[in-house]
>>> print(open('final_15.csv').read())   # CSV, C-alpha atoms and all ligand atoms
chain,number,residue,atom,x,y,z
A,1,MET,CA,155.7,105.2,142.0
A,2,SER,CA,154.4,108.7,142.1
A,3,HIS,CA,151.9,110.9,143.7
A,4,ASP,CA,148.6,110.9,145.5
A,5,PRO,CA,145.8,112.1,143.4
A,6,GLY,CA,145.5,115.0,145.9
A,7,GLN,CA,141.7,114.9,146.1
A,8,GLY,CA,139.5,114.1,149.0
A,9,PRO,CA,138.0,110.7,149.3
A,10,GLU,CA,134.5,111.9,148.4
A,11,SER,CA,135.5,113.4,145.0
A,12,PHE,CA,134.5,110.7,142.5
A,13,PRO,CA,134.9,110.3,139.6
A,14,ARG,CA,138.7,110.2,139.7
A,15,THR,CA,141.0,109.5,136.8
A,16,ILE,CA,144.6,108.2,137.0
A,17,SER,CA,147.0,107.1,134.3
A,18,ALA,CA,149.8,104.6,134.5
A,19,THR,CA,152.5,103.2,132.3
A,20,ALA,CA,154.1,99.8,132.7
A,21,HIS,CA,156.5,97.7,130.7
A,22,PRO,CA,156.5,94.0,129.9
A,23,SER,CA,158.4,91.6,132.1
A,24,LEU,CA,160.6,89.2,130.1
A,25,ALA,CA,161.3,86.1,132.1
A,26,VAL,CA,164.8,84.6,131.8
A,27,ALA,CA,163.7,81.8,134.2
A,28,LYS,CA,160.1,81.0,133.4
A,29,TYR,CA,156.9,81.0,135.3
A,30,TRP,CA,155.0,78.1,133.8
A,31,GLY,CA,152.4,76.4,135.9
A,32,LYS,CA,150.2,77.4,138.8
A,33,GLN,CA,149.7,75.9,142.2
A,34,THR,CA,146.2,74.5,142.6
A,35,GLY,CA,143.7,76.2,144.9
A,36,ALA,CA,145.1,79.7,144.6
A,37,ILE,CA,144.8,82.5,142.1
A,38,ASN,CA,147.9,82.9,139.9
A,39,THR,CA,150.3,81.4,142.4
A,40,ALA,CA,153.4,80.2,140.6
A,41,ALA,CA,154.5,76.6,140.8
A,42,THR,CA,158.0,77.6,139.5
A,43,PRO,CA,160.2,80.5,140.6
A,44,SER,CA,160.8,83.1,137.9
A,45,VAL,CA,163.5,85.7,137.3
A,46,ALA,CA,162.8,88.5,134.8
A,47,ILE,CA,164.0,91.7,133.1
A,48,THR,CA,161.6,94.7,132.7
A,49,LEU,CA,161.8,95.8,129.1
A,50,GLY,CA,161.9,99.6,128.8
A,51,ALA,CA,161.4,99.9,125.1
A,52,ILE,CA,157.7,98.8,125.0
A,53,ALA,CA,154.8,99.7,127.2
A,54,ALA,CA,151.1,99.5,128.1
A,55,ARG,CA,149.5,102.9,128.8
A,56,THR,CA,146.4,102.9,130.9
A,57,THR,CA,143.8,105.5,131.9
A,58,LEU,CA,141.4,104.5,134.6
A,59,THR,CA,138.4,106.3,136.0
A,60,VAL,CA,136.8,105.2,139.2
A,61,ASP,CA,133.3,106.2,140.2
A,62,CYS,CA,130.8,105.4,142.8
A,63,ALA,CA,127.7,103.5,141.7
A,64,SER,CA,124.4,104.9,142.7
A,65,GLU,CA,121.7,102.6,144.2
A,66,GLY,CA,119.9,100.6,141.6
A,67,ASP,CA,123.0,100.4,139.2
A,68,GLN,CA,123.9,97.1,137.8
A,69,PRO,CA,126.2,95.2,140.1
A,70,CYS,CA,129.1,95.0,137.6
A,71,ARG,CA,129.6,98.1,135.6
A,72,ASP,CA,133.4,97.7,135.0
A,73,GLN,CA,134.5,98.3,131.4
A,74,VAL,CA,137.8,97.8,129.7
A,75,VAL,CA,138.6,99.0,126.3
A,76,LEU,CA,142.0,97.6,125.1
A,77,ASN,CA,143.5,99.0,121.9
A,78,GLY,CA,140.1,100.4,121.1
A,79,VAL,CA,138.3,97.1,121.5
A,80,SER,CA,135.8,96.5,124.4
A,81,GLN,CA,136.9,93.5,126.4
A,82,ASP,CA,134.9,90.6,127.9
A,83,PRO,CA,134.2,91.7,131.5
A,84,ARG,CA,134.6,88.1,132.7
A,85,ARG,CA,138.4,88.3,132.1
A,86,PHE,CA,138.6,91.3,134.4
A,87,ARG,CA,136.0,90.5,137.1
A,88,PRO,CA,138.3,88.6,139.6
A,89,PHE,CA,140.8,91.5,139.3
A,90,PHE,CA,138.3,94.3,139.9
A,91,ASP,CA,136.7,92.3,142.7
A,92,ALA,CA,140.1,92.0,144.3
A,93,VAL,CA,140.6,95.8,144.0
A,94,ARG,CA,137.2,96.4,145.7
A,95,GLU,CA,138.2,94.0,148.5
A,96,VAL,CA,141.5,95.8,149.1
A,97,ILE,CA,139.7,99.1,149.2
A,98,THR,CA,137.1,97.8,151.7
A,99,LEU,CA,139.8,96.4,153.9
A,100,ASN,CA,141.6,99.8,153.9
A,101,CYS,CA,138.4,101.7,154.5
A,102,PRO,CA,138.2,103.3,158.0
A,103,HIS,CA,134.3,103.1,158.1
A,104,GLN,CA,133.1,99.6,157.4
A,105,ASP,CA,129.7,100.2,158.9
A,106,GLY,CA,128.0,99.7,155.6
A,107,GLY,CA,127.0,103.3,154.9
A,108,SER,CA,130.3,104.8,153.7
A,109,ASP,CA,130.9,105.9,150.1
A,110,GLN,CA,134.5,104.6,150.5
A,111,ALA,CA,133.5,101.0,150.8
A,112,GLY,CA,135.0,99.2,147.8
A,113,GLU,CA,131.7,97.5,146.9
A,114,CYS,CA,130.1,100.6,145.4
A,115,LEU,CA,133.1,101.5,143.1
A,116,PHE,CA,133.3,100.7,139.5
A,117,PHE,CA,136.1,101.2,136.9
A,118,THR,CA,136.2,102.4,133.4
A,119,VAL,CA,139.5,101.7,131.7
A,120,ARG,CA,141.2,102.5,128.4
A,121,SER,CA,144.5,100.9,127.7
A,122,ASP,CA,146.8,100.8,124.7
A,123,ASN,CA,149.9,98.6,124.1
A,124,ASP,CA,152.6,99.9,121.7
A,125,PHE,CA,153.5,96.3,120.8
A,126,PRO,CA,151.4,93.2,119.7
A,127,THR,CA,148.9,92.2,122.3
A,128,ALA,CA,148.3,88.6,123.4
A,129,ALA,CA,151.2,87.5,121.1
A,130,GLY,CA,153.9,86.4,123.6
A,131,LEU,CA,155.3,89.7,124.4
A,132,ALA,CA,153.9,89.8,128.0
A,133,SER,CA,151.1,92.3,127.3
A,134,SER,CA,149.2,90.8,130.3
A,135,ALA,CA,152.2,91.7,132.5
A,136,ALA,CA,152.4,95.3,131.5
A,137,GLY,CA,148.7,95.7,131.3
A,138,PHE,CA,147.8,94.4,134.7
A,139,ALA,CA,150.7,96.2,136.4
A,140,ALA,CA,149.4,99.5,135.0
A,141,LEU,CA,145.9,98.5,135.9
A,142,ALA,CA,146.7,97.6,139.5
A,143,ALA,CA,148.8,100.8,140.0
A,144,SER,CA,146.1,103.1,138.6
A,145,ALA,CA,143.2,101.4,140.4
A,146,LEU,CA,145.0,101.6,143.8
A,147,THR,CA,146.2,105.1,143.3
A,148,ALA,CA,142.8,106.4,142.2
A,149,THR,CA,141.1,104.9,145.2
A,150,LEU,CA,143.6,104.8,148.1
A,151,GLY,CA,146.4,107.2,147.0
A,152,GLU,CA,150.0,106.1,146.9
A,153,ARG,CA,150.5,102.5,147.9
A,154,PRO,CA,153.6,100.4,148.5
A,155,PRO,CA,154.8,98.5,145.4
A,156,GLU,CA,154.5,95.2,147.3
A,157,GLU,CA,150.7,95.8,147.5
A,158,ILE,CA,150.5,96.8,143.8
A,159,SER,CA,152.4,93.7,142.9
A,160,ARG,CA,150.1,91.4,144.9
A,161,LEU,CA,147.1,92.9,143.2
A,162,ALA,CA,148.6,92.8,139.7
A,163,ARG,CA,149.2,89.1,140.2
A,164,ILE,CA,145.5,88.5,140.5
A,165,GLY,CA,145.1,89.8,137.0
A,166,SER,CA,148.1,88.0,135.5
A,167,GLY,CA,150.9,86.2,137.3
A,168,SER,CA,153.7,87.8,135.3
A,169,ALA,CA,152.2,91.2,136.1
A,170,CYS,CA,153.5,91.1,139.7
A,171,ARG,CA,157.0,91.4,138.2
A,172,SER,CA,156.2,94.3,135.9
A,173,VAL,CA,155.4,96.5,138.8
A,174,TYR,CA,159.2,96.7,139.4
A,175,GLY,CA,161.9,98.0,137.1
A,176,GLY,CA,165.3,96.3,136.6
A,177,PHE,CA,165.7,92.7,137.5
A,178,THR,CA,162.9,90.9,139.4
A,179,ARG,CA,162.2,87.6,141.0
A,180,TRP,CA,158.9,85.9,141.8
A,181,ASP,CA,159.2,82.8,143.9
A,182,ALA,CA,157.0,79.8,143.8
A,183,GLY,CA,154.0,80.3,146.1
A,184,ALA,CA,154.9,83.9,146.7
A,185,PRO,CA,152.1,86.5,146.8
A,186,ALA,CA,154.2,89.2,145.2
A,187,ALA,CA,157.4,89.7,143.2
A,188,GLU,CA,160.5,91.5,144.4
A,189,GLN,CA,163.1,93.6,142.8
A,190,LEU,CA,166.6,92.0,142.7
A,191,TYR,CA,168.4,95.0,141.2
A,192,PRO,CA,167.4,98.3,139.7
A,193,GLU,CA,167.5,99.1,136.0
A,194,THR,CA,170.9,100.7,136.4
A,195,TRP,CA,172.5,97.4,137.5
A,196,TRP,CA,173.7,96.2,134.1
A,197,PRO,CA,173.8,99.2,131.7
A,198,ASP,CA,175.4,97.2,128.9
A,199,LEU,CA,172.6,94.5,128.7
A,200,ARG,CA,170.3,94.6,125.7
A,201,VAL,CA,167.2,92.6,124.7
A,202,VAL,CA,166.4,92.5,121.0
A,203,VAL,CA,162.8,91.7,120.4
A,204,LEU,CA,162.2,90.0,117.0
A,205,PRO,CA,158.5,90.1,116.1
A,206,VAL,CA,157.7,87.3,113.6
A,207,SER,CA,153.9,87.7,113.9
A,208,SER,CA,151.5,90.3,115.3
A,209,ALA,CA,148.6,87.9,115.5
A,210,GLU,CA,146.9,87.0,118.8
A,211,LYS,CA,147.8,83.6,120.0
A,212,PRO,CA,145.3,80.9,119.5
A,213,LEU,CA,145.5,79.8,123.2
A,214,SER,CA,146.1,82.2,126.1
A,215,SER,CA,149.1,81.7,128.4
A,216,ARG,CA,146.7,80.8,131.1
A,217,ASP,CA,144.9,78.0,129.2
A,218,ALA,CA,148.2,76.7,127.9
A,219,MET,CA,149.9,76.5,131.3
A,220,ASN,CA,146.8,74.8,132.9
A,221,ARG,CA,146.7,72.3,130.1
A,222,THR,CA,150.4,71.6,130.5
A,223,ARG,CA,150.0,71.1,134.2
A,224,ASP,CA,146.9,68.8,133.7
A,225,THR,CA,148.2,66.7,130.9
A,226,SER,CA,152.0,66.8,130.3
A,227,PRO,CA,153.9,63.9,131.7
A,228,PHE,CA,157.0,66.2,131.9
A,229,TYR,CA,155.3,68.8,134.1
A,230,ASP,CA,156.5,67.4,137.5
A,231,ALA,CA,160.1,67.1,136.2
A,232,TRP,CA,159.9,70.7,135.0
A,233,VAL,CA,158.7,72.0,138.4
A,234,ALA,CA,161.3,70.0,140.2
A,235,ASP,CA,164.1,71.3,138.0
A,236,ALA,CA,163.1,75.0,137.9
A,237,PRO,CA,164.4,76.2,141.3
A,238,SER,CA,168.1,75.3,140.5
A,239,LEU,CA,167.8,77.0,137.1
A,240,ALA,CA,166.3,80.1,138.7
A,241,GLY,CA,169.1,80.1,141.2
A,242,GLU,CA,171.7,79.9,138.4
A,243,THR,CA,170.0,82.8,136.6
A,244,ARG,CA,170.1,85.0,139.7
A,245,GLU,CA,173.8,84.3,140.1
A,246,ALA,CA,174.4,85.1,136.5
A,247,ILE,CA,172.7,88.5,136.9
A,248,ALA,CA,174.5,89.1,140.2
A,249,GLN,CA,177.8,88.6,138.4
A,250,ARG,CA,176.7,90.4,135.2
A,251,ASP,CA,177.8,87.2,133.4
A,252,LEU,CA,176.2,87.4,130.0
A,253,GLU,CA,177.2,84.0,128.7
A,254,ARG,CA,175.9,82.3,131.9
A,255,LEU,CA,172.7,84.3,131.7
A,256,GLY,CA,172.2,83.4,128.1
A,257,GLN,CA,172.8,79.7,128.6
A,258,THR,CA,170.5,79.4,131.6
A,259,ALA,CA,167.8,81.4,129.8
A,260,ARG,CA,167.9,79.0,126.9
A,261,LEU,CA,167.6,76.0,129.1
A,262,SER,CA,164.6,77.5,130.9
A,263,TYR,CA,162.6,78.3,127.8
A,264,LEU,CA,163.4,75.1,126.0
A,265,ARG,CA,162.5,73.0,129.1
A,266,MET,CA,159.3,75.0,129.4
A,267,PHE,CA,158.4,74.3,125.7
A,268,SER,CA,159.3,70.7,126.1
A,269,THR,CA,156.5,70.4,128.7
A,270,MET,CA,154.1,72.1,126.2
A,271,PHE,CA,155.0,69.8,123.3
A,272,ALA,CA,154.1,66.9,125.5
A,273,ALA,CA,150.7,68.2,126.6
A,274,ALA,CA,147.5,66.7,125.2
A,275,PRO,CA,146.6,68.2,122.8
A,276,PRO,CA,150.1,69.4,122.2
A,277,ILE,CA,150.8,73.2,122.4
A,278,MET,CA,153.0,74.6,119.7
A,279,TYR,CA,153.5,78.4,119.6
A,280,TRP,CA,156.5,78.3,117.3
A,281,LEU,CA,156.5,79.5,113.7
A,282,PRO,CA,159.1,78.4,111.0
A,283,GLN,CA,160.6,81.9,111.4
A,284,SER,CA,161.1,81.3,115.1
A,285,LEU,CA,163.2,78.2,114.4
A,286,GLU,CA,165.1,80.0,111.6
A,287,ILE,CA,166.1,82.6,114.1
A,288,ILE,CA,167.1,80.0,116.7
A,289,ARG,CA,169.3,78.3,114.1
A,290,GLY,CA,170.7,81.6,112.9
A,291,LEU,CA,171.7,82.6,116.5
A,292,GLU,CA,173.4,79.2,116.9
A,293,GLU,CA,175.5,80.1,113.8
A,294,LEU,CA,176.3,83.6,115.3
A,295,ARG,CA,177.4,82.0,118.5
A,296,ARG,CA,179.7,79.7,116.6
A,297,MET,CA,181.3,82.9,115.1
A,298,GLY,CA,181.8,84.1,118.7
A,299,LEU,CA,178.9,86.6,119.1
A,300,PRO,CA,177.3,86.9,122.5
A,301,VAL,CA,173.7,86.2,121.5
A,302,TRP,CA,171.2,83.8,123.3
A,303,GLU,CA,167.5,83.6,122.8
A,304,THR,CA,164.4,83.1,124.9
A,305,MET,CA,160.8,82.7,123.9
A,306,ASP,CA,157.4,82.9,125.7
A,307,ALA,CA,153.9,81.7,125.0
A,308,GLY,CA,154.0,82.9,121.4
A,309,PRO,CA,156.3,82.8,118.3
A,310,GLN,CA,158.4,85.8,119.0
A,311,VAL,CA,162.1,85.4,119.7
A,312,LYS,CA,163.9,87.7,122.1
A,313,VAL,CA,167.7,87.9,122.0
A,314,ILE,CA,169.8,88.6,125.1
A,315,THR,CA,173.0,90.4,124.1
A,316,ASP,CA,175.1,93.5,124.8
A,317,ALA,CA,175.0,97.0,123.4
A,318,ALA,CA,177.8,96.3,121.0
A,319,HIS,CA,175.9,93.5,119.2
A,320,ALA,CA,172.3,94.5,119.4
A,321,ARG,CA,172.1,96.3,116.1
A,322,GLN,CA,173.8,93.5,114.3
A,323,VAL,CA,171.2,91.0,115.6
A,324,ALA,CA,168.4,93.4,114.5
A,325,GLU,CA,169.8,93.6,111.0
A,326,GLU,CA,170.6,89.9,110.7
A,327,PHE,CA,167.0,88.7,110.9
A,328,ARG,CA,165.3,91.7,109.3
A,329,ASP,CA,163.8,89.7,106.4
A,330,LEU,CA,162.0,87.3,108.8
A,331,LEU,CA,160.2,90.0,110.8
A,332,VAL,CA,156.7,91.5,110.5
A,333,SER,CA,157.8,94.8,112.1
A,334,PRO,CA,161.2,96.2,112.9
A,335,ALA,CA,163.3,94.6,115.7
A,336,ILE,CA,163.0,96.4,119.0
A,337,ILE,CA,166.2,97.0,120.9
A,338,SER,CA,165.4,97.4,124.6
A,339,GLU,CA,167.4,98.4,127.6
A,340,VAL,CA,166.4,97.3,131.1
A,341,GLY,CA,163.4,99.4,132.0
A,342,PRO,CA,161.7,101.1,134.9
A,343,GLY,CA,158.8,99.9,137.0
A,344,VAL,CA,155.2,101.2,136.8
A,345,THR,CA,154.8,105.0,136.8
A,346,VAL,CA,151.6,106.7,137.8
A,347,GLY,CA,150.3,110.2,137.1
A,348,THR,CA,147.1,112.2,136.9
A,349,ALA,CA,145.2,112.0,133.6
A,350,SER,CA,146.6,115.3,132.4
A,351,ASP,CA,150.2,113.9,132.6
A,352,ARG,CA,149.3,111.5,129.8
A,353,THR,CA,151.0,112.2,126.6
A,354,VAL,CA,149.7,109.4,124.3
B,1,LIG,P1,150.7,87.9,126.5
B,1,LIG,O1,151.7,86.9,126.0
B,1,LIG,O2,150.6,89.1,125.6
B,1,LIG,O3,150.9,88.3,127.9
B,1,LIG,P2,148.4,86.5,127.6
B,1,LIG,O4,147.6,85.4,127.0
B,1,LIG,O5,149.1,86.2,128.8
B,1,LIG,O6,149.3,87.1,126.4
B,1,LIG,O7,147.4,87.7,127.9
B,1,LIG,C1,146.7,88.5,127.0
B,1,LIG,C2,145.5,89.1,127.7
B,1,LIG,O8,146.0,90.1,128.7
B,1,LIG,C3,144.7,90.0,126.8
B,1,LIG,O9,143.8,89.2,126.1
B,1,LIG,C4,144.0,90.9,127.8
B,1,LIG,O10,143.0,90.2,128.5
B,1,LIG,C5,145.1,91.2,128.8
B,1,LIG,N1,145.8,92.4,128.5
B,1,LIG,C6,146.8,92.6,127.5
B,1,LIG,N2,147.2,93.9,127.5
B,1,LIG,C7,146.4,94.5,128.4
B,1,LIG,C8,146.4,95.9,128.8
B,1,LIG,N3,147.2,96.8,128.3
B,1,LIG,N4,145.5,96.2,129.8
B,1,LIG,C9,144.7,95.2,130.4
B,1,LIG,N5,144.7,93.9,130.0
B,1,LIG,C10,145.6,93.6,129.0
B,2,LIG,C1,155.7,82.1,129.2
B,2,LIG,O1,151.5,85.7,133.4
B,2,LIG,O2,150.6,85.6,131.0
B,2,LIG,O3,155.5,84.4,129.7
B,2,LIG,O4,149.2,84.2,135.1
B,2,LIG,O5,147.7,83.0,133.6
B,2,LIG,O6,148.0,85.5,133.3
B,2,LIG,P1,148.6,84.2,133.7
B,2,LIG,O7,149.8,83.9,132.7
B,2,LIG,P2,151.0,84.9,132.2
B,2,LIG,O8,152.1,83.8,131.9
B,2,LIG,C2,153.4,84.1,131.5
B,2,LIG,C3,154.1,82.9,131.0
B,2,LIG,C4,155.5,83.2,130.3
B,2,LIG,C5,156.6,83.1,131.3
B,2,LIG,C6,156.8,84.2,132.2
B,2,LIG,O9,156.5,85.4,131.9
B,2,LIG,O10,157.4,84.0,133.3
B,3,CO,CO,150.8,87.0,129.6
>>> encode(input="final_15.csv", output="structure tokens")
Amino acid sequence: MSHDPGQGPESFPRTISATAHPSLAVAKYWGKQTGAINTAATPSVAITLGAIAARTTLTVDCASEGDQPCRDQVVLNGVSQDPRRFRPFFDAVREVITLNCPHQDGGSDQAGECLFFTVRSDNDFPTAAGLASSAAGFAALAASALTATLGERPPEEISRLARIGSGSACRSVYGGFTRWDAGAPAAEQLYPETWWPDLRVVVLPVSSAEKPLSSRDAMNRTRDTSPFYDAWVADAPSLAGETREAIAQRDLERLGQTARLSYLRMFSTMFAAAPPIMYWLPQSLEIIRGLEELRRMGLPVWETMDAGPQVKVITDAAHARQVAEEFRDLLVSPAIISEVGPGVTVGTASDRTV
């Protein structure tokens, strides 16, 4: 996390930029506890992917009297977004600001209620397609909103706020290996990005289309209708524990095997939902079969998938290129070989290079 904007509290508007990376779960968050905003029913363990990013520029300004109550605007990849998707998030930002405001006597310009946000963000990878754009996007948004209004804040606070926007975003605040426990308000870093230098994730994009059903709607439907849901939630903690041990030991085979169990058990709950949820494409299954064959030949390659058709392969530096080549004909854009990446970074608008 970087610096304070270095301006006085009165000097609105203020612009801050932030960059964050998707959080790829190897033990999945799938299901929310009822009665709380984006509070996980299952513990998740994830890797921050350095090779792809969301880049956000946020301006905060103080509304004058008589302005409309909600003036927040988000333009994502050049397209103006439905403000309803972002309202709970920005309301939570305003609440945090008000709580941190030294003068809550109603007349202060610092009170969060008067602030509104104008945001431009661009993802350098397919959005809403199962590559955790919501994770990178809301981590960048939370960091830029807090920095622009309150200056540098602890990552735990950014993580808590990012979670309001999207559950997986609380993990993207941190680099390296992360955990987000069931019921927890924020994620934590398990190990920094330097922990396992030889680890690689190969992202195989088989479609760039937006998913027909958001992760949120899919996981709520699963919870509400899948007869396998309770079994999934009951089983998840032991799988997450195994995953953490595999990372602690830098044991690639164990990590790959537990990651496969986690995503396949997650999808099993979705297939059993009503109506059923099926994010896979024929190419996804072809890659899954192809990887089975490569493992039979002795290659250290294990896949995981999220709410979308893309396949991500967990492997090491020596085999990443071969995986990328192997499935080239099935991809809509070149494979992305990623190392374990850093957490969110914040700068003034002039630092922005995109
Ligand atoms: P994904 O698998 O990409 O995470 P989700 O269904 O979880 O898909 O979330 C996609 C939604 O996340 C988008 O429709 C948008 O509302 C939000 N989102 C994606 N990227 C960004 C971004 N860079 N900044 C802000 N919000 C974003
Ligand atoms: C399959 O975090 O996108 O990628 O909290 O409703 O915004 P909301 O959902 P989101 O769900 C991610 C689901 C997943 C698994 C994971 O990242 O752990
Ligand atoms: Co998402």
>>> atom_distance(input="final_15.csv", atom1="CA of Arg153 (chain A)", atom2="CA of Trp196 (chain A)")
27.7 Å
>>> residues_around(input="final_15.csv", residues="Ala142 (chain A)", least_positions_apart="2", cutoff="7 Å", atoms="all atoms listed in the file", output="ChimeraX atom specification")
/A:138-140,144-146,158,161-162
>>> closest_residue(input="final_15.csv", among="A:Arg244, A:Arg87, A:Arg321, A:Arg94", to="ligand LIG 1 (chain B)", atoms="all atoms listed in the file")
A:Arg87
>>> residues_around(input="final_15.csv", residues="Ile277 (chain A)", least_positions_apart="3", cutoff="9 Å", atoms="all atoms listed in the file", output="list of chain:residue names")
A:Leu213, A:Ala218, A:Arg221, A:Thr222, A:Phe267, A:Thr269, A:Met270, A:Phe271, A:Ala272, A:Ala273, A:Ala274
>>> closest_residue(input="final_15.csv", among="A:Lys32, A:Arg179, A:Arg120, A:Arg163", to="Val75 (chain A)", atoms="all atoms listed in the file")
A:Arg120
>>> residues_near_ligand(input="final_15.csv", ligand="ligand CO 3 (chain B)", cutoff="9 Å", atoms="all atoms listed in the file", output="PyMOL selection string")
chain A and resi 128-136+166-169+214-216+306-307
>>> atom_distance(input="final_15.csv", atom1="CA of Ile47 (chain A)", atom2="CA of Arg296 (chain A)")
25.7 Å
>>> residues_around(input="final_15.csv", residues="Gln189 (chain A)", least_positions_apart="6", cutoff="9 Å", atoms="all atoms listed in the file", output="JSON, numbers by chain")
{"A": [171, 174, 175, 176, 177, 178, 179, 180]}
>>> closest_residue(input="final_15.csv", among="A:Leu199, A:Leu281, A:Met297, A:Ala18", to="Val313 (chain A)", atoms="only C-alpha atoms")
A:Leu199
>>> closest_residue(input="final_15.csv", among="A:Thr59, A:Thr147, A:Thr348, A:Thr304", to="ligand LIG 2 (chain B)", atoms="only C-alpha atoms and all ligand atoms")
A:Thr304
>>> closest_residue(input="final_15.csv", among="A:Ala40, A:Leu150, A:Leu24, A:Val96", to="Asp181 (chain A)", atoms="only C-alpha atoms")
A:Ala40
